[in-house]
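Asks: The structure file protein_21.cif (mmCIF, C-alpha atoms) is provided below.
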data_my_file
loop_
_atom_site.label_atom_id
_atom_site.label_comp_id
_atom_site.auth_asym_id
_atom_site.auth_seq_id
_atom_site.Cartn_x
_atom_site.Cartn_y
_atom_site.Cartn_z
CA MET G 1 -34.63 19.15 27.14
CA GLU G 2 -31.21 17.88 26.10
CA THR G 3 -30.21 17.43 29.74
CA LEU G 4 -33.38 15.45 30.45
CA ALA G 5 -32.74 13.28 27.38
CA ASN G 6 -29.16 12.60 28.51
CA VAL G 7 -30.34 11.68 32.01
CA LEU G 8 -32.94 9.29 30.58
CA VAL G 9 -30.38 7.68 28.27
CA GLY G 10 -28.03 7.30 31.25
CA LEU G 11 -30.78 5.67 33.30
CA VAL G 12 -31.58 3.21 30.51
CA ALA G 13 -27.85 2.41 30.22
CA ALA G 14 -27.68 1.86 33.99
CA LEU G 15 -30.72 -0.41 33.82
CA HIS G 16 -28.98 -2.55 31.22
CA VAL G 17 -25.81 -2.74 33.30
CA TYR G 18 -27.99 -3.95 36.19
CA ILE G 19 -29.59 -6.56 33.91
CA LEU G 20 -26.10 -7.65 32.79
CA VAL G 21 -25.02 -8.19 36.40
CA LEU G 22 -28.25 -9.96 37.29
CA GLU G 23 -28.15 -12.32 34.30
CA MET G 24 -24.41 -12.96 34.14
CA PHE G 25 -23.39 -13.07 37.79
CA LEU G 26 -26.48 -13.38 40.03
CA TRP G 27 -28.67 -15.74 38.01
CA THR G 28 -28.19 -18.74 40.31
CA ARG G 29 -28.43 -16.64 43.47
CA LYS G 30 -31.54 -15.29 45.13
CA PRO G 31 -31.89 -12.07 43.07
CA GLY G 32 -31.66 -13.91 39.76
CA ARG G 33 -33.82 -16.83 40.77
CA GLY G 34 -36.44 -14.50 42.22
CA LEU G 35 -36.78 -12.64 38.94
CA HIS G 36 -38.38 -15.64 37.26
CA GLY G 37 -39.25 -17.77 40.27
CA PHE G 38 -36.74 -20.47 39.35
CA ASP G 39 -35.65 -23.10 41.83
CA PRO G 40 -31.86 -23.60 42.16
CA GLU G 41 -31.83 -26.51 39.69
CA MET G 42 -33.67 -24.57 36.96
CA ALA G 43 -31.46 -21.54 37.56
CA ARG G 44 -28.31 -23.68 37.09
CA ALA G 45 -29.76 -25.24 33.94
CA THR G 46 -30.61 -21.87 32.38
CA ALA G 47 -27.53 -19.95 33.58
CA PRO G 48 -25.64 -20.18 30.25
CA LEU G 49 -28.67 -18.76 28.41
CA ALA G 50 -29.05 -15.99 30.96
CA ALA G 51 -25.36 -15.11 30.72
CA ASN G 52 -25.70 -14.78 26.97
CA GLN G 53 -28.69 -12.46 27.40
CA GLY G 54 -26.74 -10.48 29.98
CA LEU G 55 -23.87 -9.98 27.58
CA TYR G 56 -26.25 -8.53 24.99
CA ASN G 57 -27.65 -6.17 27.61
CA GLY G 58 -24.10 -5.05 28.27
CA PHE G 59 -23.66 -4.24 24.60
CA LEU G 60 -26.81 -2.11 24.72
CA ALA G 61 -25.47 -0.26 27.77
CA ALA G 62 -22.08 0.28 26.10
CA GLY G 63 -23.74 1.64 22.96
CA LEU G 64 -25.84 4.06 25.00
CA VAL G 65 -22.79 5.29 26.91
CA TRP G 66 -20.99 5.73 23.60
CA GLY G 67 -23.96 7.78 22.41
CA LEU G 68 -23.68 9.99 25.48
CA ILE G 69 -19.97 10.71 25.11
CA ALA G 70 -19.60 10.87 21.32
CA ALA G 71 -19.92 14.20 19.57
CA ASP G 72 -22.92 14.77 17.33
CA PRO G 73 -24.00 13.61 14.86
CA THR G 74 -22.47 10.27 15.93
CA GLY G 75 -23.72 10.56 19.52
CA PHE G 76 -27.26 11.31 18.48
CA ARG G 77 -27.28 8.50 15.92
CA ALA G 78 -25.85 6.00 18.42
CA GLN G 79 -28.48 6.95 20.98
CA VAL G 80 -31.30 6.58 18.48
CA PHE G 81 -29.97 3.24 17.22
CA PHE G 82 -29.34 1.65 20.62
CA LEU G 83 -32.56 2.97 22.17
CA SER G 84 -34.43 1.55 19.18
CA CYS G 85 -32.72 -1.78 19.86
CA VAL G 86 -33.82 -1.56 23.51
CA VAL G 87 -37.43 -0.93 22.47
CA VAL G 88 -37.46 -3.75 19.92
CA ALA G 89 -35.87 -6.18 22.40
CA GLY G 90 -38.37 -5.12 25.04
CA VAL G 91 -41.36 -5.61 22.76
CA TYR G 92 -40.05 -8.99 21.62
CA GLY G 93 -39.44 -10.04 25.22
CA THR G 94 -42.95 -8.93 26.12
CA VAL G 95 -44.47 -11.07 23.38
CA THR G 96 -42.27 -14.13 23.89
CA ALA G 97 -41.30 -14.20 27.56
CA ASN G 98 -42.99 -11.93 30.09
CA ARG G 99 -45.35 -8.96 29.87
CA ARG G 100 -43.44 -7.17 32.64
CA ILE G 101 -40.64 -6.56 30.14
CA LEU G 102 -42.85 -4.01 28.39
CA PHE G 103 -42.73 -1.78 31.48
CA ALA G 104 -39.23 -2.68 32.65
CA GLN G 105 -37.41 -2.32 29.33
CA ALA G 106 -39.48 -1.20 26.34
CA LEU G 107 -41.26 1.73 28.00
CA PRO G 108 -38.13 3.33 29.53
CA GLY G 109 -36.36 2.90 26.19
CA ALA G 110 -39.26 4.46 24.30
CA VAL G 111 -39.48 7.43 26.69
CA ALA G 112 -35.73 8.04 26.40
CA LEU G 113 -35.90 7.69 22.61
CA ALA G 114 -38.72 10.23 22.43
CA ALA G 115 -36.76 12.64 24.63
CA VAL G 116 -33.62 12.27 22.47
CA VAL G 117 -35.56 12.92 19.26
CA ILE G 118 -37.47 15.88 20.73
CA ALA G 119 -34.25 17.39 22.13
CA ARG G 120 -32.68 17.26 18.69
#
Represent the structure of the file as structure tokens.
Replies:
Amino acid sequence: METLANVLVGLVAALHVYILVLEMFLWTRKPGRGLHGFDPEMARATAPLAANQGLYNGFLAAGLVWGLIAADPTGFRAQVFFLSCVVVAGVYGTVTANRRILFAQALPGAVALAAVVIAR
């Protein structure tokens, strides 16, 4: 179960690295604009906000990687903390921005969090 939990944490970290790249570097290009259906003008206008969000996603990914490489109990605690942050951010994004975020962010984070806690 520990291996499965580590794989799930790694996948959630990879997802957040992808979100970082999308929001910080591809926001004004087709992949970023397509995510929200923005035209080029709206994408340019919102790019600084997206870059800020991307940076936060990078911090989540870094914390999850730290949780994977740190020895317990620090590694376990870091995983629980950062996965909880992922779930909270996903739920908040679902309520305030887009319901797809529940399935794209909150659910993977919750599944990984459950696996980490069960593996303990």
Asks: Find the residues around G:Met24 up to 10 Å (only C-alpha atoms counted), leave out those fewer than 5 positions away in its own chain, and share them as a count of residues only.
Replies: 14
Asks: Selected by the PyMOL selection byres ((chain G and resi 87-99) around 10) in the shown coordinates: which residues, as a list in words?
Replies: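 Expected selection for the PyMOL selection byres ((chain G and resi 87-99) around 10) here is His36, Asn57, Phe82, Leu83, Ser84, Cys85, Val86, Arg100, Ile101, Leu102, Phe103, Ala104, Gln105, Ala106, Leu107, Pro108, Gly109, Ala110, Val111, Ala112 and Leu113 of chain G.
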Asks: Please compute the atom CA of G:Ala71-atom CA of G:Val17 distance, one decimal, in Å.
Replies: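 Atom-to-atom, atom CA of G:Ala71 and atom CA of G:Val17 are spaced 22.6 Å apart.
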Asks: Go ahead and compute the interatomic distance for atom CA of G:Glu23 and atom CA of G:Gln79, in Å to one decimal.
Replies: 23.4 Å
Asks: Using only C-alpha atoms, which residues sit within 9 Å of G:Ala61 once same-chain residues fewer than 6 positions away are excluded, as a CSV table (one decimal) with C-alpha atoms, in the frame of the given file?
Replies:
chain,number,residue,atom,x,y,z
G,10,GLY,CA,-28.0,7.3,31.2
G,12,VAL,CA,-31.6,3.2,30.5
G,13,ALA,CA,-27.8,2.4,30.2
G,14,ALA,CA,-27.7,1.9,34.0
G,15,LEU,CA,-30.7,-0.4,33.8
G,16,HIS,CA,-29.0,-2.6,31.2
G,17,VAL,CA,-25.8,-2.7,33.3
G,20,LEU,CA,-26.1,-7.6,32.8
G,82,PHE,CA,-29.3,1.6,20.6
Asks: Can you work out the spacing between atom CA of G:Val117 and atom CA of G:Ala70 in Å, to one decimal?
Replies: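 These two atoms are separated by 16.2 Å.
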Asks: Determine the residue membership of the PyMOL selection byres ((chain G and resi 6) around 12) for the file above and supply it as JSON, numbers by chain.
Replies: {"G": [1, 2, 3, 4, 5, 7, 8, 9, 10, 11, 12, 13, 64, 65, 66, 67, 68, 69, 75, 76, 79, 80, 111, 112, 113, 114, 115, 116, 117, 118, 119, 120]}
Asks: Calculate, to one decimal in Å, the centre and edge lengths of the box along x, y and z of the file that holds all listed atoms of stretch 40-55 of chain G with 3 Å of margin on each side, and present them as JSON.
Replies:
{"center_x": -28.8, "center_y": -18.2, "center_z": 34.6, "size_x": 15.8, "size_y": 22.5, "size_z": 21.2}
Asks: Once N, CA, C and O atoms are restored for stretch 50-61 of chain G, what would the output be as a compact mmCIF listing (two decimals), in the frame of the given file?
Replies:
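Final file, part.txt:
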# COMPACT_ATOMS: atom_id res chain seq x y z
N ALA G 50 -28.93 -17.29 30.30
CA ALA G 50 -29.05 -15.99 30.96
C ALA G 50 -27.78 -15.17 30.79
O ALA G 50 -27.84 -13.96 30.55
N ALA G 51 -26.63 -15.83 30.89
CA ALA G 51 -25.36 -15.11 30.72
C ALA G 51 -25.25 -14.53 29.32
O ALA G 51 -24.77 -13.41 29.14
N ASN G 52 -25.71 -15.28 28.33
CA ASN G 52 -25.70 -14.78 26.97
C ASN G 52 -26.59 -13.55 26.83
O ASN G 52 -26.21 -12.55 26.23
N GLN G 53 -27.78 -13.62 27.41
CA GLN G 53 -28.69 -12.46 27.40
C GLN G 53 -28.05 -11.28 28.12
O GLN G 53 -28.17 -10.13 27.67
N GLY G 54 -27.39 -11.55 29.23
CA GLY G 54 -26.74 -10.48 29.98
C GLY G 54 -25.68 -9.78 29.17
O GLY G 54 -25.54 -8.55 29.23
N LEU G 55 -24.91 -10.57 28.42
CA LEU G 55 -23.87 -9.98 27.58
C LEU G 55 -24.48 -9.02 26.56
O LEU G 55 -23.98 -7.92 26.35
N TYR G 56 -25.58 -9.42 25.95
CA TYR G 56 -26.25 -8.53 24.99
C TYR G 56 -26.75 -7.25 25.66
O TYR G 56 -26.67 -6.17 25.07
N ASN G 57 -27.24 -7.37 26.89
CA ASN G 57 -27.65 -6.17 27.61
C ASN G 57 -26.46 -5.26 27.87
O ASN G 57 -26.58 -4.03 27.85
N GLY G 58 -25.31 -5.85 28.11
CA GLY G 58 -24.10 -5.05 28.27
C GLY G 58 -23.73 -4.30 27.01
O GLY G 58 -23.29 -3.15 27.06
N PHE G 59 -23.92 -4.94 25.86
CA PHE G 59 -23.66 -4.24 24.60
C PHE G 59 -24.60 -3.06 24.41
O PHE G 59 -24.19 -2.00 23.92
N LEU G 60 -25.86 -3.23 24.80
CA LEU G 60 -26.81 -2.11 24.72
C LEU G 60 -26.35 -0.97 25.61
O LEU G 60 -26.36 0.20 25.20
N ALA G 61 -25.94 -1.29 26.84
CA ALA G 61 -25.47 -0.26 27.77
C ALA G 61 -24.24 0.45 27.20
O ALA G 61 -24.14 1.69 27.24
